[in-house]
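Raw data_28.cif, mmCIF, C-alpha atoms:
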data_target
loop_
_atom_site.label_atom_id
_atom_site.label_comp_id
_atom_site.auth_asym_id
_atom_site.auth_seq_id
_atom_site.Cartn_x
_atom_site.Cartn_y
_atom_site.Cartn_z
CA MET A 1 37.05 -6.03 -24.50
CA GLN A 2 39.12 -4.78 -21.60
CA LEU A 3 38.33 -1.86 -19.39
CA ASP A 4 40.30 -0.25 -16.59
CA PRO A 5 39.52 -2.16 -13.36
CA LEU A 6 38.62 1.05 -11.55
CA VAL A 7 35.84 1.83 -14.06
CA ILE A 8 34.49 -1.70 -13.66
CA LEU A 9 34.52 -1.42 -9.88
CA ILE A 10 32.69 1.93 -10.01
CA ALA A 11 30.06 0.42 -12.32
CA CYS A 12 29.66 -2.52 -9.92
CA GLY A 13 29.35 -0.23 -6.92
CA VAL A 14 26.61 1.82 -8.58
CA LEU A 15 24.69 -1.31 -9.65
CA ILE A 16 24.92 -2.82 -6.16
CA ALA A 17 23.53 0.40 -4.67
CA VAL A 18 20.68 0.51 -7.22
CA PHE A 19 19.69 -3.15 -6.72
CA VAL A 20 20.00 -3.11 -2.92
CA ARG A 21 17.58 -0.18 -2.87
CA ALA A 22 15.27 -2.00 -5.30
CA ILE A 23 15.20 -5.11 -3.09
CA TRP A 24 14.63 -2.97 -0.01
CA HIS A 25 11.66 -1.21 -1.66
CA LYS A 26 10.10 -4.47 -2.79
CA LEU A 27 10.47 -6.32 0.50
CA SER A 28 9.46 -3.38 2.70
CA ASP A 29 6.00 -3.57 1.13
CA PHE A 30 5.76 -6.77 -0.86
CA ASP A 31 1.93 -6.61 -1.14
CA VAL A 32 2.11 -3.18 -2.75
CA PHE A 33 4.87 -4.37 -5.07
CA LYS A 34 2.75 -7.34 -6.15
CA ALA A 35 -0.20 -5.02 -6.77
CA SER A 36 1.92 -2.64 -8.87
CA PHE A 37 3.39 -5.59 -10.74
CA ALA A 38 -0.09 -6.97 -11.45
CA ASP A 39 -1.06 -3.53 -12.74
CA TYR A 40 1.49 -3.77 -15.51
CA GLU A 41 -0.93 -6.36 -16.96
CA LEU A 42 1.80 -8.46 -18.51
CA LEU A 43 1.15 -11.74 -16.72
CA PRO A 44 -2.01 -13.65 -15.78
CA GLN A 45 -3.09 -12.97 -12.18
CA SER A 46 -2.11 -16.47 -10.99
CA LEU A 47 1.52 -15.99 -12.07
CA VAL A 48 1.99 -12.55 -10.51
CA ALA A 49 2.92 -13.65 -6.97
CA PRO A 50 5.52 -16.28 -7.98
CA ALA A 51 6.98 -13.97 -10.65
CA ALA A 52 7.29 -11.12 -8.12
CA LEU A 53 9.20 -13.44 -5.79
CA ILE A 54 11.47 -14.58 -8.65
CA LEU A 55 12.26 -10.93 -9.49
CA VAL A 56 13.35 -10.21 -5.90
CA LEU A 57 15.46 -13.39 -5.79
CA ALA A 58 17.02 -12.49 -9.15
CA GLU A 59 17.94 -9.05 -7.82
CA ALA A 60 19.47 -10.58 -4.68
CA ALA A 61 21.46 -13.05 -6.81
CA ILE A 62 22.75 -10.17 -8.96
CA VAL A 63 23.93 -8.22 -5.89
CA ALA A 64 25.67 -11.31 -4.47
CA GLY A 65 27.19 -12.11 -7.87
CA LEU A 66 28.55 -8.58 -8.35
CA VAL A 67 30.41 -8.71 -5.04
CA VAL A 68 32.42 -11.82 -6.03
CA PRO A 69 34.96 -11.06 -8.83
CA LEU A 70 34.58 -14.53 -10.40
CA THR A 71 30.82 -14.25 -10.96
CA ARG A 72 30.88 -10.53 -11.75
CA PRO A 73 30.48 -10.73 -15.57
CA ALA A 74 27.59 -13.21 -15.29
CA ALA A 75 25.84 -11.10 -12.64
CA ALA A 76 26.35 -7.96 -14.74
CA ILE A 77 24.76 -9.67 -17.76
CA GLY A 78 21.88 -10.72 -15.50
CA ALA A 79 21.56 -7.07 -14.45
CA ILE A 80 21.41 -5.97 -18.12
CA LEU A 81 18.63 -8.49 -18.82
CA LEU A 82 16.62 -7.44 -15.76
CA LEU A 83 17.02 -3.71 -16.51
CA VAL A 84 15.97 -4.21 -20.13
CA LEU A 85 13.03 -6.32 -18.96
CA TYR A 86 11.85 -3.59 -16.56
CA GLY A 87 12.43 -0.88 -19.16
CA GLY A 88 10.50 -2.93 -21.72
CA ALA A 89 7.60 -3.48 -19.29
CA ILE A 90 7.40 0.26 -18.66
CA ALA A 91 7.67 1.07 -22.38
CA VAL A 92 4.88 -1.42 -23.25
CA ASN A 93 2.54 0.24 -20.75
CA LEU A 94 3.51 3.74 -21.90
CA ARG A 95 2.64 2.71 -25.46
CA ARG A 96 -0.67 1.41 -24.12
CA GLY A 97 -1.21 4.93 -22.72
CA ARG A 98 -1.28 3.66 -19.14
CA TYR A 99 1.07 6.22 -17.61
CA LEU A 100 -1.08 6.60 -14.51
CA ILE A 101 -0.25 3.19 -13.03
CA ASP A 102 2.24 3.14 -10.20
CA CYS A 103 5.74 2.23 -11.38
CA GLY A 104 6.36 0.03 -8.35
CA CYS A 105 9.66 1.81 -7.78
CA GLY A 106 8.84 2.20 -4.09
CA GLY A 107 8.52 5.44 -2.18
CA PRO A 108 5.42 7.63 -2.21
CA GLY A 109 4.34 6.43 -5.65
CA GLN A 110 5.36 7.55 -9.09
CA GLY A 111 3.65 7.20 -12.44
CA LEU A 112 5.32 5.75 -15.50
CA SER A 113 7.36 7.99 -17.75
CA TRP A 114 9.94 7.78 -20.52
CA PHE A 115 12.41 9.10 -17.95
CA LEU A 116 12.24 5.70 -16.26
CA VAL A 117 12.90 3.94 -19.57
CA ALA A 118 15.91 6.20 -20.25
CA ARG A 119 17.18 5.62 -16.72
CA ASN A 120 17.05 1.86 -17.26
CA VAL A 121 18.91 2.15 -20.57
CA ILE A 122 21.69 4.16 -18.89
CA LEU A 123 21.87 1.65 -16.02
CA ALA A 124 22.04 -1.18 -18.57
CA VAL A 125 25.02 0.56 -20.23
CA ILE A 126 26.69 0.81 -16.80
CA ALA A 127 25.97 -2.91 -16.30
CA ALA A 128 27.57 -3.63 -19.69
CA MET A 129 30.70 -1.84 -18.44
CA ALA A 130 30.68 -3.99 -15.32
CA ALA A 131 30.48 -7.13 -17.47
CA MET A 132 33.75 -6.39 -19.29
CA ALA A 133 37.09 -8.01 -18.48
CA PRO A 134 39.30 -5.90 -16.20
CA GLY A 135 42.65 -4.78 -17.60
CA LEU A 136 45.81 -5.92 -15.82
CA ARG A 137 46.51 -3.28 -13.22
CA SER A 138 46.55 -3.57 -9.47
CA ILE A 139 44.21 -1.39 -7.43
CA SER A 140 46.01 1.16 -5.28
CA VAL A 141 44.85 3.04 -2.21
CA SER A 142 44.01 6.13 -4.25
CA ASP A 143 41.95 3.93 -6.63
CA ALA A 144 39.95 2.67 -3.66
CA LEU A 145 39.38 6.25 -2.55
CA ILE A 146 38.24 7.37 -6.00
CA LEU A 147 35.97 4.29 -6.19
CA GLY A 148 34.15 5.33 -3.01
CA LEU A 149 33.90 8.99 -4.02
CA SER A 150 32.67 8.10 -7.54
CA VAL A 151 29.94 5.78 -6.29
CA VAL A 152 28.74 8.46 -3.86
CA THR A 153 28.74 11.08 -6.65
CA VAL A 154 26.83 8.89 -9.12
CA TRP A 155 24.36 7.94 -6.38
CA LEU A 156 23.74 11.66 -5.63
CA LEU A 157 23.16 12.26 -9.35
CA ILE A 158 20.70 9.34 -9.55
CA LEU A 159 18.73 10.66 -6.55
CA ALA A 160 18.76 14.22 -7.91
CA SER A 161 17.58 13.17 -11.40
CA GLU A 162 14.79 11.04 -9.89
CA GLN A 163 13.68 13.98 -7.77
CA ALA A 164 13.77 16.21 -10.85
CA ALA A 165 11.60 13.68 -12.73
CA ALA A 166 9.14 13.55 -9.82
CA ASN A 167 9.01 17.36 -9.81
CA ASP A 168 8.32 17.36 -13.53
CA ALA A 169 5.46 14.86 -13.07
CA HIS A 170 4.02 17.14 -10.40
CA ARG A 171 4.33 20.17 -12.68
CA GLN A 172 2.52 18.37 -15.50
CA PHE A 173 -0.18 17.25 -13.06
CA ILE A 174 -0.77 20.88 -12.02
CA ARG A 175 -0.80 22.11 -15.62
CA ASN A 176 -3.26 19.43 -16.70
CA SER A 177 -5.59 20.16 -13.78
CA ARG A 178 -5.59 23.87 -14.61
CA ASN A 179 -6.42 23.29 -18.25
CA LYS A 180 -9.39 21.14 -17.33
CA GLY A 181 -10.52 23.12 -14.26
CA MET B 1 51.82 16.03 -1.89
CA ASP B 2 52.22 17.44 -5.36
CA ALA B 3 49.99 20.05 -6.86
CA PHE B 4 48.00 17.46 -8.90
CA THR B 5 47.02 15.45 -5.84
CA ILE B 6 45.88 18.58 -4.03
CA ALA B 7 43.92 19.74 -7.08
CA LEU B 8 42.26 16.31 -7.34
CA ILE B 9 41.24 16.32 -3.67
CA LEU B 10 39.79 19.82 -4.03
CA LEU B 11 37.89 18.84 -7.19
CA TRP B 12 36.36 15.79 -5.55
CA ALA B 13 35.28 17.89 -2.59
CA VAL B 14 33.64 20.40 -4.95
CA VAL B 15 31.95 17.70 -7.07
CA ILE B 16 30.40 15.96 -4.06
CA ALA B 17 29.35 19.26 -2.52
CA LEU B 18 27.69 20.24 -5.82
CA GLY B 19 25.94 16.87 -5.99
CA ILE B 20 24.50 17.43 -2.52
CA VAL B 21 23.44 20.99 -3.42
CA VAL B 22 21.66 19.84 -6.62
CA LEU B 23 19.83 17.10 -4.72
CA ALA B 24 18.84 19.50 -1.95
CA LEU B 25 17.53 22.06 -4.46
CA ALA B 26 15.52 19.42 -6.34
CA ARG B 27 14.08 18.16 -3.05
CA GLN B 28 13.10 21.70 -2.03
CA ILE B 29 11.32 22.24 -5.34
CA GLY B 30 9.51 18.94 -4.74
CA ILE B 31 8.39 20.07 -1.27
CA LEU B 32 7.22 23.36 -2.75
CA PHE B 33 5.09 21.52 -5.33
CA GLU B 34 3.55 19.38 -2.60
CA ARG B 35 2.66 22.48 -0.57
CA VAL B 36 1.11 24.25 -3.55
CA ALA B 37 -0.87 21.29 -4.83
CA PRO B 38 -0.93 17.90 -3.11
CA MET B 39 -1.27 15.14 -5.70
CA GLY B 40 -4.11 13.43 -3.90
CA ALA B 41 -5.85 10.52 -5.51
CA LEU B 42 -4.83 10.00 -9.11
CA MET B 43 -7.60 11.25 -11.36
CA THR B 44 -8.74 9.51 -14.45
CA ASP B 45 -10.40 11.41 -17.24
CA SER B 46 -13.20 9.04 -18.11
CA GLY B 47 -16.54 8.57 -16.41
CA PRO B 48 -18.78 11.19 -14.77
CA LYS B 49 -16.88 14.45 -14.22
CA ILE B 50 -16.40 16.33 -10.97
CA GLY B 51 -19.41 18.60 -10.43
CA GLU B 52 -21.73 16.52 -12.60
CA ALA B 53 -24.67 14.57 -11.26
CA SER B 54 -23.88 10.94 -10.56
CA PRO B 55 -25.67 8.27 -12.59
CA LYS B 56 -28.47 6.90 -10.40
CA PHE B 57 -28.47 3.34 -9.12
CA ALA B 58 -30.82 1.48 -6.80
CA LEU B 59 -28.89 -1.50 -5.51
CA GLN B 60 -29.26 -4.10 -2.78
CA ALA B 61 -26.63 -4.74 -0.15
CA LEU B 62 -25.19 -8.23 -0.13
CA GLY B 63 -26.44 -10.33 2.79
CA SER B 64 -28.87 -7.93 4.45
CA GLY B 65 -30.61 -7.04 1.17
CA LYS B 66 -31.04 -3.44 2.38
CA PRO B 67 -31.55 -0.91 -0.39
CA VAL B 68 -28.51 1.19 -1.31
CA SER B 69 -29.07 4.20 -3.52
CA VAL B 70 -26.29 5.89 -5.41
CA GLY B 71 -26.75 9.38 -6.82
CA ALA B 72 -30.01 10.12 -4.98
CA GLN B 73 -30.60 13.30 -2.97
CA THR B 74 -30.10 11.84 0.49
CA GLY B 75 -28.59 14.89 2.17
CA ARG B 76 -25.62 12.80 3.23
CA SER B 77 -22.25 12.44 1.55
CA LEU B 78 -21.38 9.07 0.14
CA LEU B 79 -18.04 7.40 -0.44
CA ILE B 80 -18.20 4.50 -2.87
CA PHE B 81 -15.10 2.37 -2.38
CA PHE B 82 -14.53 -0.02 -5.27
CA LEU B 83 -12.57 -3.09 -4.20
CA SER B 84 -12.10 -6.77 -4.84
CA PRO B 85 -11.21 -9.72 -2.58
CA THR B 86 -8.08 -10.36 -4.66
CA CYS B 87 -6.64 -6.85 -4.38
CA PRO B 88 -3.95 -6.54 -1.70
CA VAL B 89 -3.95 -2.75 -1.54
CA CYS B 90 -7.72 -2.83 -0.93
CA LYS B 91 -7.20 -5.10 2.08
CA LYS B 92 -4.52 -2.78 3.40
CA LEU B 93 -6.96 0.14 3.31
CA LEU B 94 -9.83 -1.66 5.07
CA PRO B 95 -8.68 -0.62 8.59
CA VAL B 96 -8.43 2.98 7.37
CA LEU B 97 -11.99 2.75 6.03
CA LYS B 98 -13.21 1.32 9.35
CA SER B 99 -11.67 4.17 11.33
CA ALA B 100 -12.93 6.70 8.75
CA GLN B 101 -16.45 5.39 9.28
CA LYS B 102 -16.13 6.37 12.96
CA THR B 103 -14.50 9.79 12.42
CA GLU B 104 -16.18 11.01 9.22
CA LYS B 105 -19.70 11.32 10.63
CA GLY B 106 -21.10 13.10 7.59
CA PHE B 107 -20.21 10.24 5.27
CA ASP B 108 -21.89 6.98 4.38
CA ILE B 109 -19.39 4.44 3.09
CA VAL B 110 -20.42 1.80 0.57
CA LEU B 111 -18.16 -0.97 -0.66
CA ALA B 112 -18.67 -1.94 -4.28
CA SER B 113 -17.43 -4.82 -6.36
CA ASP B 114 -18.70 -7.28 -8.91
CA GLY B 115 -18.67 -11.03 -9.51
CA ASP B 116 -20.03 -14.08 -7.72
CA ALA B 117 -21.72 -13.51 -4.37
CA PRO B 118 -20.19 -16.48 -2.42
CA LYS B 119 -16.63 -15.26 -2.88
CA HIS B 120 -17.60 -11.81 -1.62
CA GLU B 121 -19.57 -13.22 1.32
CA ALA B 122 -16.48 -15.15 2.41
CA PHE B 123 -14.45 -11.94 2.02
CA ILE B 124 -16.94 -9.99 4.18
CA ALA B 125 -16.81 -12.68 6.87
CA SER B 126 -13.01 -13.01 6.91
CA HIS B 127 -12.40 -9.26 7.05
CA LYS B 128 -15.41 -8.39 9.28
CA LEU B 129 -16.99 -5.98 6.83
CA ASP B 130 -20.63 -6.37 7.94
CA GLN B 131 -20.62 -2.75 9.17
CA PHE B 132 -20.50 -1.54 5.54
CA PRO B 133 -23.20 -2.00 2.90
CA TYR B 134 -21.52 -4.17 0.23
CA VAL B 135 -22.98 -4.05 -3.26
CA LEU B 136 -22.22 -6.17 -6.29
CA SER B 137 -22.83 -4.33 -9.56
CA SER B 138 -20.72 -4.38 -12.67
CA ASP B 139 -22.93 -1.55 -14.04
CA LEU B 140 -21.81 0.75 -11.21
CA GLY B 141 -18.15 0.06 -11.95
CA MET B 142 -18.78 0.56 -15.66
CA ALA B 143 -20.58 3.86 -15.07
CA TYR B 144 -17.54 5.23 -13.24
CA ARG B 145 -15.07 3.60 -15.66
CA VAL B 146 -13.29 1.88 -12.79
CA SER B 147 -10.32 0.23 -14.42
CA ARG B 148 -8.07 -0.14 -11.45
CA LEU B 149 -8.60 -0.91 -7.77
CA PRO B 150 -8.97 0.39 -5.15
CA TYR B 151 -10.97 3.28 -6.58
CA GLY B 152 -12.97 5.85 -4.64
CA VAL B 153 -15.85 8.14 -5.61
CA VAL B 154 -17.26 10.83 -3.31
CA LEU B 155 -20.81 12.11 -3.86
CA ASP B 156 -22.36 14.97 -1.89
CA GLY B 157 -25.88 15.10 -0.44
CA GLU B 158 -27.32 16.20 -3.79
CA GLY B 159 -25.83 13.24 -5.62
CA THR B 160 -23.15 15.33 -7.32
CA VAL B 161 -19.70 13.86 -7.90
CA ARG B 162 -17.28 15.73 -5.62
CA ALA B 163 -14.07 13.72 -5.91
CA LYS B 164 -12.86 10.47 -7.39
CA GLY B 165 -9.69 8.63 -8.14
CA LEU B 166 -7.39 5.69 -7.67
CA ILE B 167 -6.31 5.16 -4.09
CA ASN B 168 -2.95 3.65 -3.25
CA ASN B 169 -2.51 4.74 0.34
CA ARG B 170 -4.06 6.32 3.40
CA GLU B 171 -3.15 9.85 2.29
CA GLN B 172 -4.99 9.51 -0.99
CA LEU B 173 -8.05 8.07 0.75
CA GLU B 174 -8.05 10.97 3.20
CA SER B 175 -7.66 13.43 0.34
CA LEU B 176 -11.04 12.23 -1.00
CA PHE B 177 -12.68 13.10 2.31
CA ASN B 178 -10.77 16.39 2.47
CA ALA B 179 -11.81 17.40 -1.03
CA LYS B 180 -15.36 17.51 0.32
CA GLU B 181 -14.52 19.03 3.72
CA MET B 182 -12.38 21.84 2.35
CA GLY B 183 -15.38 23.00 0.36
CA VAL B 184 -13.56 22.51 -2.91
CA ALA B 185 -14.73 20.04 -5.48
CA SER B 186 -11.36 18.58 -6.27
CA ILE B 187 -7.68 19.30 -6.53
CA GLN B 188 -8.66 21.30 -9.61
CA GLY B 189 -11.01 23.43 -7.56
CA PHE B 190 -8.34 23.87 -4.92
CA LEU B 191 -5.90 25.07 -7.57
CA ASP B 192 -8.44 27.52 -8.95
CA GLN B 193 -8.89 28.97 -5.45
CA VAL B 194 -5.14 29.33 -5.07
CA ARG B 195 -4.95 31.04 -8.44
CA GLU B 196 -7.72 33.50 -7.61
CA ALA B 197 -6.32 34.33 -4.16
#
When written as structure tokens, how does the structure in this file appear?
Amino acid sequence: MQLDPLVILIACGVLIAVFVRAIWHKLSDFDVFKASFADYELLPQSLVAPAALILVLAEAAIVAGLVVPLTRPAAAIGAILLLVLYGGAIAVNLRRGRYLIDCGCGGPGQGLSWFLVARNVILAVIAAMAAMAPGLRSISVSDALILGLSVVTVWLLILASEQAAANDAHRQFIRNSRNKG
Amino acid sequence: MDAFTIALILLWAVVIALGIVVLALARQIGILFERVAPMGALMTDSGPKIGEASPKFALQALGSGKPVSVGAQTGRSLLIFFLSPTCPVCKKLLPVLKSAQKTEKGFDIVLASDGDAPKHEAFIASHKLDQFPYVLSSDLGMAYRVSRLPYGVVLDGEGTVRAKGLINNREQLESLFNAKEMGVASIQGFLDQVREA
């Protein structure tokens, strides 16, 4: 299926931003990431450290692959797999009722929630768009401008929705404490 | 420039400005929540509740064999820090615990874990933990339903549970000390005070 090249470039730009931040979070405190990863209780303890390293390398490979047009579809499919994997890991632990473990998303710490699963599904759809073949149309200056503006806008929306989800978690925390207190 | 181009430029400017405004508003709400009620250590529902008497344990410290009592009326506050040699976040918090032992004069700090003694003795030696009593008791961990590490429990001088929770960072560890110092039992107690005021 063909998609307008501008849409594909926007999707790529958003994915690159998301994965660069993910790599940054993981590497800035790799010990904490390993601990959060171990907390998902999906792998035996001995496999956690190598698997954590593989995840970071996979993310780096996806970013590099998205930059080069030739490897873009393959990298985008890799991104879909990784996003579904993360979403699945979160969903499994939510079904286990373990919403109090840290999501390992970096930052000041955030519990698991269905918001995170939904976010990953939406990002996977964006990655699917990036995997499609670009239609035959050359990119003009105004396209390049719209590309930059669109990526910035989507990035602002991602940050705002994450903040809103964090606020909601805080609100629920307060409500639960009041009911018990 | 034709009218469409100008309209498009204006629309983009408005969309980005709105994006920034939404993010700023969400952030401000977040800051407001943090002011009203800091999250503190994550609470779990199981185990002895805040305000209840702690289950009593008479344990022996690893190495020295000194008696360590949990839940007794000692007149001194007690922080039980559950950890394990294989937990990276625990290791990260050890320096914070060491400095807390110097600054929090009213507190005794006990490290608790379970398993084979030799592994823990090596851990104590490699991280210079001889200044803390270190107890091995799976019963203690079971009594407090410790399912995830590092986990902290604060008891007051009467052996009453004053605060407890998972600890991921320095702020959460300090919030356990503060829960006692502020004269409120827990974040819940703090919220009740805010509500009554």
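Around segment 8-21 of chain B, within 6 Å and counting only C-alpha atoms, the residues found are Thr153 and Leu156 of chain A; Thr5 and Ala24 of chain B, once anything fewer than 3 positions away on its own chain is removed.
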Per-residue nearest contacts chain B to chain A, cut-off 6 Å, using all atoms listed in the file, as JSON lines:
{"residue": "B:Ile16", "atom": "CA", "partner": "A:Thr153", "partner_atom": "CA", "distance": 5.8}
{"residue": "B:Gly19", "atom": "CA", "partner": "A:Leu156", "partner_atom": "CA", "distance": 5.7}
{"residue": "B:Leu23", "atom": "CA", "partner": "A:Ala160", "partner_atom": "CA", "distance": 4.4}
{"residue": "B:Ala26", "atom": "CA", "partner": "A:Ala164", "partner_atom": "CA", "distance": 5.8}
{"residue": "B:Gly30", "atom": "CA", "partner": "A:Asn167", "partner_atom": "CA", "distance": 5.3}
{"residue": "B:Pro88", "atom": "CA", "partner": "A:Asp31", "partner_atom": "CA", "distance": 5.9}
{"residue": "B:Gln188", "atom": "CA", "partner": "A:Ser177", "partner_atom": "CA", "distance": 5.3}
Subject >> Distance query Tyr40 of chain A at most 10 Å, only C-alpha atoms, self and fewer than 5 positions along chain excluded, as a ChimeraX atom specification >> reply: /A:35,89-90,92-93,98,101-104
Is it possible to get the axis-aligned box enclosing segment 60-66 of chain A (all listed atoms, 5 Å extra per side) as AutoDock Vina command-line options, with centre and edge lengths in Å rounded to one decimal?
--center_x 24.0 --center_y -10.6 --center_z -6.7 --size_x 19.1 --size_y 14.8 --size_z 14.5
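Between atom CA of Lys91 of chain B and atom CA of Thr103 of chain B there is a distance of 19.5 Å.
The nearest approach to Glu174 of chain B among the residues B:Ala143, B:Ala100, B:Gly115, B:Ile109, with all atoms listed in the file taken into account, belongs to B:Ala100.
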Original post:
From the set B:Leu25, B:Ala7, B:Val110, B:Leu32, which residue has the shortest atom-to-atom contact distance to Val68 of chain B, counting only C-alpha atoms?
Top reply: B:Val110
Original post:
List as an NGL selection string: which residues have an atom within 12 Å of (-10.3, 1.9, 9.3), counting only C-alpha atoms?
Top reply: :B and (90-104 or 109 or 127-129 or 131-132 or 170 or 173-174)
**OP:** Taking the file above as input, evaluate the PyMOL selection byres ((chain A and resi 51-59) around 10) and report the hits as a PyMOL selection string.
**Re:** chain A and resi 16+18-20+22-24+26-27+30-31+33-35+37-38+43+46-50+60-65+75+78-79+82
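If you look at atom CA of Ser140 of chain A and atom CA of Ala127 of chain A, they are 23.2 Å away from each other.
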Original post:
Which distance in Å separates atom CA of Gly13 of chain A and atom CA of Val141 of chain A, to one decimal?
Top reply: 16.5 Å
Subject >> Shell of 12 Å around Ala11 of chain A, all atoms listed in the file, local chain residues under 6 positions omitted, as number ranges by chain >> reply: A: 3-5, 17-18, 66-67, 72-73, 76, 79, 122-132, 134, 147-148, 150-152, 154-155
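Nearest to Glu41 of chain A of all the residues A:Ile8, A:Arg96, A:Thr71, A:His25 is A:Arg96, based on all atoms listed in the file.
Around Pro118 of chain B, within 10 Å and counting only C-alpha atoms, the residues found are B:Leu62, B:Phe123, B:Ile124, once anything fewer than 5 positions away on its own chain is removed.
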Output of the above residues as an mmCIF file, in the frame of the given file, restricted to C-alpha atoms:
data_model
loop_
_atom_site.group_PDB
_atom_site.id
_atom_site.type_symbol
_atom_site.label_atom_id
_atom_site.label_comp_id
_atom_site.auth_asym_id
_atom_site.auth_seq_id
_atom_site.Cartn_x
_atom_site.Cartn_y
_atom_site.Cartn_z
ATOM 1 C CA LEU B 62 -25.190 -8.230 -0.130
ATOM 2 C CA PHE B 123 -14.450 -11.940 2.020
ATOM 3 C CA ILE B 124 -16.940 -9.990 4.180
#
